[in-house]
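The next block holds one structure in the form of structure tokens; read it before the comments.
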Amino acid sequence: MSDPVSDPVREREAPFFIGWATIPEGLRWFLGGIAIGLVVLLAGLSYLTAATQDDPGDGAFMGRADAVGLLQAAPYPILHVTQSDSFAPGTALMLTGNGKRGAQPQADAFDGQLVAVSGARISRGDIIALQLRGGENGISAAPEQTGASLPQPRDLGRWRITGEICDGKCYSGAMRPGRGLAHKACANLCLIGGIPPVFVATDKIDGTEFFMLADQDGGPVTEHVLNHVATLVEIEGSVERHGAMAVFRIDPATLRLAQ
């Protein structure tokens with residue numbers, strides 16, 4: 001009786017995967033390992049990509065807020081709070097309008113006066129802004145308070161500071177991260193529209209790293225800084241403390257990219 005002859009070709013056949021067919025037993029562990037490896041690889045790449053991005057910060061719209069205080073119109077509108085359920089007395093609020101518009105037209109009519117303001121609070125770190133409601137709902141005259149007066153500027157000397165020029169509204173939390181080259185076009189549109197420019201320094205001066213920008217005479221500085229927004233720069237100028245608001249009165253001729 002003869003034994004059946006074995007087929008060497010059939011013995012060498014390996015499992016073959018066909019997409020519409022059942023996965024062969026010999027390939028299940030292999031394909032499972034490939035799938036798990038791809039998931040781990042993609043998760044790692046996602047983490048590394050996210051880790052290289054700028055911190056968007058903790059700024060955000062924080063609901064409606066109301067306050068009474070003294071209005072300082074220059075270099076950009078600032079409210080020095082005297083009474084509020086939303087802010088501590090002495091808080092300096094940077095005022096803005098809706099969208100990419102500043103609050104200068106409303107503020108100019110009340111410069112140095114006691115006013116009531118209402119709007120949406122935006123806050124990030126030490127910088128606090130208030131987006132005013134429209135019309136008289138946003139800003140109106142308030143009854144006089146005995147002894148209320150604008151804080152006198154306190155000179156902190158001349159400094160050369162390194163940092164980034166941002167628009168105060170987006171950086172405060174209206175947009176996140178609200179800084180960096182990806183935000184340059186948006187920031188410039190905001191500044192052109194009258195949103196106060198702020199300087200975010202790499203080191204603190206007098207306990208703060210946020211400064212409202214002004215020119216050497218204490219006026220608006222917008223047209224001098226548009227080409228240098230959203231990049232690391234160095235500027236010289238004098239720093240003043242207006243109550244709780246630090247103002248950096250810059251010399252535009254000294255503005256240059258940081259080394």
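Every chain in the structure tokens takes a letter, A first, then B, and so on in the order presented; its residues are numbered from 1, and the ligands are numbered from 1 following the presented order.
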* **Residues near region 157-165 of chain A, cut-off 6 Å, only C-alpha atoms, skip fewer than 2 positions along chain, as a ChimeraX atom specification** => /A:155,198-202,229-239
* Asked: Leaving out Leu150 (chain A) and any residue of its chain fewer than 6 positions from it, which residues lie within 9 Å of it when counting only C-alpha atoms, given as a PyMOL selection string?
  -> chain A and resi 70-72+80+112-113+242-243
* Asked: What residues in region 6-253 of chain A get the DSSP label alpha helix (DSSP H)? Please answer as JSON, numbers by chain.
  -> {"A": [8, 9, 10, 11, 25, 26, 27, 28, 29, 30, 31, 32, 33, 34, 35, 36, 37, 38, 39, 40, 41, 42, 43, 44, 45, 46, 47, 48, 49, 50, 51, 104, 105, 106, 107, 108, 168, 169, 184, 185, 186, 187, 188, 189, 190, 191, 192, 222, 223, 224, 225]}
* Do a neighbour search on Ile139 (chain A) at 7 Å with only C-alpha atoms, toss out local chain neighbours closer than 2 positions, and write the hits as an MDAnalysis selection string. => chainID A and resid 115:118 136:137
With region 101-105 of chain A as the partner and 8 Å as the cut-off, tabulate the residues of region 154-247 of chain A that qualify, each row holding the nearest pair of atoms and their distance in Å to one decimal, using only C-alpha atoms, sorted by chain and rising number, as a tab-separated table.
```
residue	atom	partner	partner_atom	distance
A:Cys190	CA	A:Arg101	CA	6.6
A:Gly193	CA	A:Arg101	CA	4.7
A:Gly194	CA	A:Gly102	CA	4.1
A:Ile195	CA	A:Gly102	CA	4.4
A:Pro196	CA	A:Gly102	CA	7.2
```
* Asked: Restricting the calculation to only C-alpha atoms, which member of A:Asn98, A:Ser84, A:Thr22, A:Ser46 is positioned closest to Arg133 (chain A)?
  -> A:Asn98
From a backbone DSSP assignment, name each residue in region 60-220 of chain A labelled strand (DSSP E), as an mmCIF file with N, CA and C atoms, in the first residue's frame.
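And here is the file that came out, states11.cif:
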```cif
data_model
loop_
_atom_site.group_PDB
_atom_site.id
_atom_site.type_symbol
_atom_site.label_atom_id
_atom_site.label_comp_id
_atom_site.auth_asym_id
_atom_site.auth_seq_id
_atom_site.Cartn_x
_atom_site.Cartn_y
_atom_site.Cartn_z
ATOM 1 N N ALA A 60 -10.658 84.693 28.505
ATOM 2 C CA ALA A 60 -11.975 84.314 27.994
ATOM 3 C C ALA A 60 -12.988 85.399 28.300
ATOM 4 N N PHE A 61 -14.107 85.386 27.542
ATOM 5 C CA PHE A 61 -15.264 86.182 27.923
ATOM 6 C C PHE A 61 -15.825 85.598 29.214
ATOM 7 N N MET A 62 -16.137 86.457 30.166
ATOM 8 C CA MET A 62 -16.530 85.981 31.487
ATOM 9 C C MET A 62 -17.891 86.525 31.905
ATOM 10 N N GLY A 63 -18.759 86.789 30.938
ATOM 11 C CA GLY A 63 -20.112 87.213 31.246
ATOM 12 C C GLY A 63 -20.256 88.718 31.392
ATOM 13 N N ARG A 64 -21.480 89.142 31.620
ATOM 14 C CA ARG A 64 -21.783 90.565 31.714
ATOM 15 C C ARG A 64 -21.224 91.159 32.999
ATOM 16 N N ALA A 65 -20.790 92.410 32.915
ATOM 17 C CA ALA A 65 -20.271 93.116 34.081
ATOM 18 C C ALA A 65 -20.665 94.586 33.994
ATOM 19 N N ASP A 66 -20.810 95.222 35.148
ATOM 20 C CA ASP A 66 -21.161 96.636 35.238
ATOM 21 C C ASP A 66 -20.222 97.305 36.235
ATOM 22 N N ALA A 67 -19.964 98.580 36.022
ATOM 23 C CA ALA A 67 -19.080 99.301 36.933
ATOM 24 C C ALA A 67 -19.319 100.796 36.815
ATOM 25 N N VAL A 68 -18.961 101.507 37.867
ATOM 26 C CA VAL A 68 -18.945 102.961 37.876
ATOM 27 C C VAL A 68 -17.509 103.381 38.148
ATOM 28 N N GLY A 69 -17.039 104.392 37.427
ATOM 29 C CA GLY A 69 -15.673 104.830 37.643
ATOM 30 C C GLY A 69 -15.337 106.071 36.841
ATOM 31 N N LEU A 70 -14.109 106.509 36.982
ATOM 32 C CA LEU A 70 -13.617 107.691 36.285
ATOM 33 C C LEU A 70 -12.995 107.284 34.974
ATOM 34 N N LEU A 71 -13.353 107.985 33.922
ATOM 35 C CA LEU A 71 -12.910 107.638 32.575
ATOM 36 C C LEU A 71 -11.682 108.442 32.160
ATOM 37 N N GLN A 72 -10.666 107.732 31.735
ATOM 38 C CA GLN A 72 -9.458 108.331 31.167
ATOM 39 C C GLN A 72 -9.446 107.992 29.688
ATOM 40 N N ILE A 78 -9.686 104.059 29.350
ATOM 41 C CA ILE A 78 -9.466 103.288 30.578
ATOM 42 C C ILE A 78 -10.498 103.740 31.606
ATOM 43 N N LEU A 79 -11.131 102.786 32.278
ATOM 44 C CA LEU A 79 -12.033 103.114 33.374
ATOM 45 C C LEU A 79 -11.367 102.736 34.685
ATOM 46 N N HIS A 80 -11.222 103.709 35.582
ATOM 47 C CA HIS A 80 -10.697 103.465 36.923
ATOM 48 C C HIS A 80 -11.893 103.271 37.848
ATOM 49 N N VAL A 81 -12.129 102.025 38.230
ATOM 50 C CA VAL A 81 -13.344 101.634 38.926
ATOM 51 C C VAL A 81 -13.395 102.235 40.338
ATOM 52 N N THR A 82 -14.545 102.811 40.669
ATOM 53 C CA THR A 82 -14.793 103.299 42.027
ATOM 54 C C THR A 82 -15.868 102.480 42.736
ATOM 55 N N GLN A 83 -16.760 101.872 41.956
ATOM 56 C CA GLN A 83 -17.849 101.105 42.555
ATOM 57 C C GLN A 83 -18.312 100.037 41.566
ATOM 58 N N ALA A 92 -8.382 98.837 36.916
ATOM 59 C CA ALA A 92 -8.324 99.612 35.671
ATOM 60 C C ALA A 92 -8.830 98.743 34.536
ATOM 61 N N LEU A 93 -9.944 99.152 33.925
ATOM 62 C CA LEU A 93 -10.538 98.396 32.827
ATOM 63 C C LEU A 93 -10.169 99.037 31.495
ATOM 64 N N MET A 94 -9.654 98.237 30.580
ATOM 65 C CA MET A 94 -9.420 98.692 29.220
ATOM 66 C C MET A 94 -10.740 98.550 28.462
ATOM 67 N N LEU A 95 -11.244 99.635 27.905
ATOM 68 C CA LEU A 95 -12.559 99.625 27.259
ATOM 69 C C LEU A 95 -12.430 99.426 25.753
ATOM 70 N N THR A 96 -13.299 98.587 25.190
ATOM 71 C CA THR A 96 -13.341 98.359 23.747
ATOM 72 C C THR A 96 -14.790 98.391 23.279
ATOM 73 N N LEU A 114 -17.126 110.946 35.739
ATOM 74 C CA LEU A 114 -17.600 109.728 36.370
ATOM 75 C C LEU A 114 -18.692 109.118 35.491
ATOM 76 N N VAL A 115 -18.533 107.865 35.116
ATOM 77 C CA VAL A 115 -19.474 107.222 34.201
ATOM 78 C C VAL A 115 -19.865 105.842 34.719
ATOM 79 N N ALA A 116 -20.972 105.353 34.187
ATOM 80 C CA ALA A 116 -21.401 103.971 34.413
ATOM 81 C C ALA A 116 -21.205 103.207 33.114
ATOM 82 N N VAL A 117 -20.583 102.032 33.186
ATOM 83 C CA VAL A 117 -20.344 101.229 31.994
ATOM 84 C C VAL A 117 -20.950 99.844 32.174
ATOM 85 N N SER A 118 -21.294 99.230 31.059
ATOM 86 C CA SER A 118 -21.873 97.896 31.074
ATOM 87 C C SER A 118 -21.426 97.162 29.823
ATOM 88 N N GLY A 119 -21.117 95.889 29.976
ATOM 89 C CA GLY A 119 -20.688 95.108 28.813
ATOM 90 C C GLY A 119 -20.226 93.721 29.195
ATOM 91 N N ALA A 120 -19.397 93.143 28.325
ATOM 92 C CA ALA A 120 -18.885 91.793 28.536
ATOM 93 C C ALA A 120 -17.453 91.860 29.037
ATOM 94 N N ARG A 121 -17.204 91.204 30.143
ATOM 95 C CA ARG A 121 -15.867 91.189 30.730
ATOM 96 C C ARG A 121 -14.968 90.209 29.983
ATOM 97 N N ILE A 122 -13.744 90.652 29.685
ATOM 98 C CA ILE A 122 -12.728 89.791 29.079
ATOM 99 C C ILE A 122 -11.486 89.895 29.954
ATOM 100 N N SER A 123 -10.922 88.775 30.339
ATOM 101 C CA SER A 123 -9.825 88.829 31.295
ATOM 102 C C SER A 123 -8.774 87.767 30.989
ATOM 103 N N ARG A 124 -7.501 88.164 31.141
ATOM 104 C CA ARG A 124 -6.392 87.226 31.003
ATOM 105 C C ARG A 124 -5.258 87.712 31.893
ATOM 106 N N ILE A 127 -4.519 91.559 32.915
ATOM 107 C CA ILE A 127 -5.159 92.500 32.004
ATOM 108 C C ILE A 127 -6.660 92.223 31.956
ATOM 109 N N ILE A 128 -7.451 93.270 32.158
ATOM 110 C CA ILE A 128 -8.905 93.131 32.194
ATOM 111 C C ILE A 128 -9.506 94.142 31.227
ATOM 112 N N ALA A 129 -10.372 93.667 30.362
ATOM 113 C CA ALA A 129 -11.033 94.539 29.388
ATOM 114 C C ALA A 129 -12.536 94.406 29.527
ATOM 115 N N LEU A 130 -13.236 95.426 29.047
ATOM 116 C CA LEU A 130 -14.689 95.391 29.030
ATOM 117 C C LEU A 130 -15.159 95.800 27.644
ATOM 118 N N GLN A 131 -15.843 94.872 26.963
ATOM 119 C CA GLN A 131 -16.438 95.179 25.668
ATOM 120 C C GLN A 131 -17.786 95.840 25.926
ATOM 121 N N LEU A 132 -17.882 97.123 25.614
ATOM 122 C CA LEU A 132 -19.069 97.897 25.947
ATOM 123 C C LEU A 132 -20.285 97.456 25.139
ATOM 124 N N ILE A 139 -22.183 103.055 27.971
ATOM 125 C CA ILE A 139 -21.531 104.084 28.768
ATOM 126 C C ILE A 139 -22.453 105.286 28.908
ATOM 127 N N SER A 140 -22.570 105.786 30.129
ATOM 128 C CA SER A 140 -23.439 106.934 30.399
ATOM 129 C C SER A 140 -22.914 107.668 31.621
ATOM 130 N N ALA A 141 -23.333 108.920 31.769
ATOM 131 C CA ALA A 141 -22.903 109.714 32.914
ATOM 132 C C ALA A 141 -23.457 109.123 34.210
ATOM 133 N N ARG A 154 2.363 107.932 37.777
ATOM 134 C CA ARG A 154 3.588 107.737 38.560
ATOM 135 C C ARG A 154 4.696 107.277 37.622
ATOM 136 N N ASP A 155 5.744 108.066 37.509
ATOM 137 C CA ASP A 155 6.834 107.793 36.579
ATOM 138 C C ASP A 155 7.716 106.666 37.116
ATOM 139 N N LEU A 156 7.909 105.614 36.301
ATOM 140 C CA LEU A 156 8.762 104.485 36.681
ATOM 141 C C LEU A 156 10.087 104.480 35.933
ATOM 142 N N GLY A 157 10.384 105.567 35.225
ATOM 143 C CA GLY A 157 11.664 105.673 34.551
ATOM 144 C C GLY A 157 11.645 105.186 33.111
ATOM 145 N N ARG A 158 12.806 105.301 32.473
ATOM 146 C CA ARG A 158 12.962 104.895 31.075
ATOM 147 C C ARG A 158 13.495 103.468 31.012
ATOM 148 N N TRP A 159 12.947 102.693 30.082
ATOM 149 C CA TRP A 159 13.280 101.277 29.975
ATOM 150 C C TRP A 159 13.447 100.883 28.510
ATOM 151 N N ARG A 160 14.265 99.854 28.288
ATOM 152 C CA ARG A 160 14.260 99.128 27.023
ATOM 153 C C ARG A 160 13.654 97.761 27.337
ATOM 154 N N ILE A 161 12.523 97.475 26.695
ATOM 155 C CA ILE A 161 11.770 96.272 27.036
ATOM 156 C C ILE A 161 11.638 95.377 25.807
ATOM 157 N N THR A 162 11.766 94.086 26.036
ATOM 158 C CA THR A 162 11.570 93.086 24.986
ATOM 159 C C THR A 162 10.206 92.434 25.173
ATOM 160 N N GLY A 163 9.490 92.267 24.081
ATOM 161 C CA GLY A 163 8.179 91.639 24.178
ATOM 162 C C GLY A 163 7.446 91.644 22.854
ATOM 163 N N GLU A 164 6.151 91.466 22.912
ATOM 164 C CA GLU A 164 5.314 91.369 21.702
ATOM 165 C C GLU A 164 4.181 92.386 21.765
ATOM 166 N N ILE A 165 3.929 93.055 20.640
ATOM 167 C CA ILE A 165 2.817 93.985 20.537
ATOM 168 C C ILE A 165 1.570 93.199 20.094
ATOM 169 N N CYS A 166 0.499 93.309 20.873
ATOM 170 C CA CYS A 166 -0.743 92.600 20.579
ATOM 171 C C CYS A 166 -1.903 93.586 20.637
ATOM 172 N N ASP A 167 -3.047 93.191 20.092
ATOM 173 C CA ASP A 167 -4.234 94.006 20.316
ATOM 174 C C ASP A 167 -4.851 93.557 21.637
ATOM 175 N N PRO A 197 -3.603 98.919 21.751
ATOM 176 C CA PRO A 197 -2.472 98.001 21.654
ATOM 177 C C PRO A 197 -1.852 97.778 23.027
ATOM 178 N N VAL A 198 -1.458 96.547 23.293
ATOM 179 C CA VAL A 198 -0.775 96.240 24.552
ATOM 180 C C VAL A 198 0.573 95.612 24.241
ATOM 181 N N PHE A 199 1.511 95.842 25.136
ATOM 182 C CA PHE A 199 2.847 95.263 25.008
ATOM 183 C C PHE A 199 2.978 94.185 26.069
ATOM 184 N N VAL A 200 3.228 92.947 25.625
ATOM 185 C CA VAL A 200 3.376 91.814 26.529
ATOM 186 C C VAL A 200 4.870 91.554 26.684
ATOM 187 N N ALA A 201 5.427 91.950 27.817
ATOM 188 C CA ALA A 201 6.873 91.897 28.034
ATOM 189 C C ALA A 201 7.325 90.498 28.437
ATOM 190 N N THR A 202 8.586 90.214 28.172
ATOM 191 C CA THR A 202 9.155 88.926 28.568
ATOM 192 C C THR A 202 9.541 88.913 30.041
ATOM 193 N N ASP A 203 9.716 90.096 30.647
ATOM 194 C CA ASP A 203 10.027 90.214 32.071
ATOM 195 C C ASP A 203 9.096 91.246 32.703
ATOM 196 N N LYS A 204 8.815 91.078 33.978
ATOM 197 C CA LYS A 204 7.926 91.999 34.672
ATOM 198 C C LYS A 204 8.659 93.274 35.088
ATOM 199 N N ILE A 205 7.952 94.379 35.037
ATOM 200 C CA ILE A 205 8.424 95.667 35.527
ATOM 201 C C ILE A 205 7.381 96.194 36.487
ATOM 202 N N THR A 208 4.337 93.904 36.732
ATOM 203 C CA THR A 208 3.409 93.628 35.627
ATOM 204 C C THR A 208 4.163 93.318 34.347
ATOM 205 N N GLU A 209 3.544 92.538 33.489
ATOM 206 C CA GLU A 209 4.125 92.231 32.180
ATOM 207 C C GLU A 209 3.257 92.770 31.048
ATOM 208 N N PHE A 210 2.126 93.425 31.373
ATOM 209 C CA PHE A 210 1.224 93.981 30.378
ATOM 210 C C PHE A 210 1.262 95.507 30.447
ATOM 211 N N PHE A 211 1.419 96.136 29.293
ATOM 212 C CA PHE A 211 1.491 97.589 29.240
ATOM 213 C C PHE A 211 0.618 98.099 28.096
ATOM 214 N N MET A 212 -0.208 99.099 28.382
ATOM 215 C CA MET A 212 -0.897 99.783 27.304
ATOM 216 C C MET A 212 0.111 100.689 26.616
ATOM 217 N N LEU A 213 0.116 100.681 25.294
ATOM 218 C CA LEU A 213 1.096 101.477 24.552
ATOM 219 C C LEU A 213 0.588 102.892 24.300
ATOM 220 N N ALA A 214 1.534 103.832 24.291
ATOM 221 C CA ALA A 214 1.259 105.232 23.960
ATOM 222 C C ALA A 214 2.493 105.783 23.268
#
```
* Please, what distance in Å, to one decimal, runs between CA of Asp251 (chain A) and CA of Val221 (chain A)? ->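 Distance between the two atoms: 9.8 Å.
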* To do: Would you work out the distance separating CA of Phe30 (chain A) from CA of Tyr47 (chain A), expressed in Å to one decimal?
  =>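 Distance reported for this atom pair: 26.0 Å.
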